[in-house]
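Peer 1: The structure follows.
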Amino acid sequence: MSRRAFLATTATAAAGVTLVACNTDASRVDGADEIGVVEARRPHSGRTVSATLTADRTRVDLGGSIASSLTYNGTVPGPVLRASVGDEIAVMVRNRLPHMTSVHWHGIAMRNDMDGAAPATPDIPAGGDFTYRFSVPHSGTYWAHPHTGLDADTGLYFPVIVDDPQDPGDYDVEWIVVLDDWTDGVGSSPEQIFDGLRNMSTAGHDMAGGDDMPGMPGMRTGTVAGVGGTGKSALLGGDAGDVSYPYYLINGRIPPAPSTFRAKPGQRIRMRIINAASDTAFRVAVGGHRLTVTHTDGFPVVPTEVDAVLIGMGERYDVWVTAGDGVFALVAVAEGKNAAARALLVTGAGEPPPVDMAPPELEGRVGTVADLHATPAAALTPAVADVRFPVDLAGSMTPYEWTINGAPYSRSAPLQVRSGQRVEMAFNNTSTMWHPMHLHGHTFEVLTADGVPGARKDTVIVLPGQRLRVAFVADNPGRWMMHCHNTYHQDAGMMTRVDYTG
Ligand SMILES: [Cu+2]
């Protein structure tokens, strides 16, 4: 399918959806006036992209394995939402779940009262409807997911792609690749995993222990399937994760029944890779191909050729691939977990590689954030910071507690900024686990030792023992969450806020 045909298809789909009523109530948040002023300053195309999403428990076919899980409109991933810079997005969410939910628009620098994370946006009660309505200021690869409880570890996620009509991009075809670690409906539920992690710690033993779990007769520590079973990763600087999943998926499919992307030999493919997982970093390669990284988290980087990329939860990498002739495996290794997800690239005749084939590119040059630099247009104007914050990341498996600046979210002191400030944050990871740290509503620049601008990111991997400085301009007033994008770390407290005080 050509890029032109792809765009035409999505435009037709969008046109068939009716507009929904506006229920924006900006007066309910602090600084509502300022939010309105900043919204007026964003680009506006006059076009509205509308959609309706129903969050419900449904059956999903993962490729011969049927799971009961939470989905948007019955599919995993949910439907792609596509807009152009300046468009207004109007998405009505019908919550048919038995509990509160929300849709957080990950990476988009949108108005705070539509961010989909409490307290800035109220959660949607069970049975309720809510319309998210906001304009999109920047092009790029984004995605959306709930910001409530452990629902991020279900099928509730979908890609959000924002095009720039002024810069259509130099590629022939586009391949959206969504990675996930999967347990819901086939293994332990996210709630069972979280209970297992916490009970493991309450018992004061590691997973090798055999004591009865308090209050759970017959359940023994380490017996919750998936809990504590992962290995080490040199790339991640230590422990790879807390959870071993039954499946790792690309575009909702298990490796024996992979999703297939068709292109012509010689075509330049823009792959938009999104890691929607909860506890898994992926090392991604395409057999027989090199990757040219062009963007991360929506923003352009100086094109960088690599053999594979490492992508943490919440991160996105856009890469170019020039298609060879044949049948190739896209393999996403669940880093440090001795498992993988895969998809196929088909451009010609041939048999698919064996399901367990590991392309040699996985062991070649693996691109990480340290290799990437913002393009001059994407880099921040150099300036001295107006305010600096330490952001200490700490925690442990036993007890299972994760903190920012010494406190879980329930007791956290938000970082306080004022509009117009240049803000520096110094992540300092004193734990033995890596953390993909995500800031809502802003894209920060990774600061480098030599002063060459690092990549613009909204989610960045901070390795064990690492100090990593980032800077952003406080230009989007409101109350914004900042947290580890490991679902279980986040729920165990590794979250705080950046609050505007004026
Ligand atoms: Cu974490």
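Chains: A, B, ... in order of the structure tokens. Residues: from 1 per chain. Ligands: from 1, in order shown.
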Would you tabulate, counting only C-alpha atoms and all ligand atoms, all residues of chain A that have an atom at most 12 Å from an atom of ligand 1, showing the closest pair of atoms and their distance in Å to one decimal, sorted by chain then ascending number, as a Markdown table?
Peer 2:
```
| residue | atom | partner | partner_atom_place_in_ligand_line | distance |
| --- | --- | --- | --- | --- |
| A:Asp239 | CA | ligand 1 | 1 (Cu) | 11.4 |
| A:Ala240 | CA | ligand 1 | 1 (Cu) | 10.9 |
| A:Gly241 | CA | ligand 1 | 1 (Cu) | 9.1 |
| A:Asp242 | CA | ligand 1 | 1 (Cu) | 9.8 |
| A:Ser278 | CA | ligand 1 | 1 (Cu) | 10.0 |
| A:Asp279 | CA | ligand 1 | 1 (Cu) | 8.6 |
| A:Thr280 | CA | ligand 1 | 1 (Cu) | 10.9 |
| A:Ala281 | CA | ligand 1 | 1 (Cu) | 11.6 |
| A:Gly312 | CA | ligand 1 | 1 (Cu) | 10.6 |
| A:Met313 | CA | ligand 1 | 1 (Cu) | 9.8 |
| A:Gly314 | CA | ligand 1 | 1 (Cu) | 11.8 |
| A:Asp392 | CA | ligand 1 | 1 (Cu) | 11.7 |
| A:Leu393 | CA | ligand 1 | 1 (Cu) | 8.2 |
| A:Ala394 | CA | ligand 1 | 1 (Cu) | 8.7 |
| A:Gly395 | CA | ligand 1 | 1 (Cu) | 8.6 |
| A:Ser396 | CA | ligand 1 | 1 (Cu) | 10.0 |
| A:Met397 | CA | ligand 1 | 1 (Cu) | 11.1 |
| A:Tyr400 | CA | ligand 1 | 1 (Cu) | 11.3 |
| A:Glu401 | CA | ligand 1 | 1 (Cu) | 10.1 |
| A:Trp402 | CA | ligand 1 | 1 (Cu) | 7.2 |
| A:Thr403 | CA | ligand 1 | 1 (Cu) | 9.0 |
| A:Ile404 | CA | ligand 1 | 1 (Cu) | 9.9 |
| A:Asn429 | CA | ligand 1 | 1 (Cu) | 9.7 |
| A:Thr430 | CA | ligand 1 | 1 (Cu) | 11.5 |
| A:Ser431 | CA | ligand 1 | 1 (Cu) | 9.2 |
| A:Thr432 | CA | ligand 1 | 1 (Cu) | 10.1 |
| A:Met433 | CA | ligand 1 | 1 (Cu) | 7.0 |
| A:Trp434 | CA | ligand 1 | 1 (Cu) | 6.3 |
| A:His435 | CA | ligand 1 | 1 (Cu) | 3.9 |
| A:Pro436 | CA | ligand 1 | 1 (Cu) | 6.3 |
| A:Met437 | CA | ligand 1 | 1 (Cu) | 7.4 |
| A:His438 | CA | ligand 1 | 1 (Cu) | 10.2 |
| A:Thr459 | CA | ligand 1 | 1 (Cu) | 11.7 |
| A:Val460 | CA | ligand 1 | 1 (Cu) | 11.1 |
| A:Ile461 | CA | ligand 1 | 1 (Cu) | 9.3 |
| A:Val462 | CA | ligand 1 | 1 (Cu) | 9.0 |
| A:Leu463 | CA | ligand 1 | 1 (Cu) | 10.0 |
| A:Pro464 | CA | ligand 1 | 1 (Cu) | 10.3 |
| A:Met482 | CA | ligand 1 | 1 (Cu) | 11.6 |
| A:His483 | CA | ligand 1 | 1 (Cu) | 8.0 |
| A:Cys484 | CA | ligand 1 | 1 (Cu) | 4.6 |
| A:His485 | CA | ligand 1 | 1 (Cu) | 6.4 |
| A:Asn486 | CA | ligand 1 | 1 (Cu) | 5.0 |
| A:Thr487 | CA | ligand 1 | 1 (Cu) | 8.0 |
| A:Tyr488 | CA | ligand 1 | 1 (Cu) | 7.7 |
| A:His489 | CA | ligand 1 | 1 (Cu) | 4.8 |
| A:Gln490 | CA | ligand 1 | 1 (Cu) | 6.8 |
| A:Asp491 | CA | ligand 1 | 1 (Cu) | 9.8 |
| A:Ala492 | CA | ligand 1 | 1 (Cu) | 9.3 |
| A:Gly493 | CA | ligand 1 | 1 (Cu) | 9.5 |
| A:Met494 | CA | ligand 1 | 1 (Cu) | 6.7 |
| A:Met495 | CA | ligand 1 | 1 (Cu) | 9.3 |
```
Peer 1: Select from region 149-315 of chain A everything DSSP, run on the backbone, classes as strand (DSSP E or B), then give the selection as a PyMOL selection string.
Peer 2: chain A and resi 158-163+173-182+212-213+216-220+227+232-233+238-239+243+247-250+253+260-262+268-275+282-286+291-296+299-306+308-311
Peer 1: Could you work out how far CA of Phe194 (chain A) lies from CA of Leu150 (chain A), giving the answer in Å with one decimal?
Peer 2: 8.5 Å
Peer 1: Can you list, as a ChimeraX atom specification, every protein, DNA or RNA residue that comes within 7 Å of Gly187 (chain A) when you count only C-alpha atoms, leaving out same-chain residues fewer than 4 positions away?
Peer 2: /A:183,225,246
Peer 1: When you draw a straight line from CA of Asp458 (chain A) to CA of Glu335 (chain A), how long is it in Å?
Peer 2: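 CA of Glu335 (chain A) lies 21.2 Å from CA of Asp458 (chain A).
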Peer 1: When you look at region 90-102 of chain A with a cut-off of 7 Å (counting only C-alpha atoms), what residues show up, excluding the ones that are within fewer than 5 positions of it in the same chain? I need them as a ChimeraX atom specification.
Peer 2: /A:20,48-57,116-117,123-134,146-148
Peer 1: Could you please determine the separation between CA of Gly107 (chain A) and CA of Ala449 (chain A) in Å, to one decimal place?
Peer 2: 25.4 Å
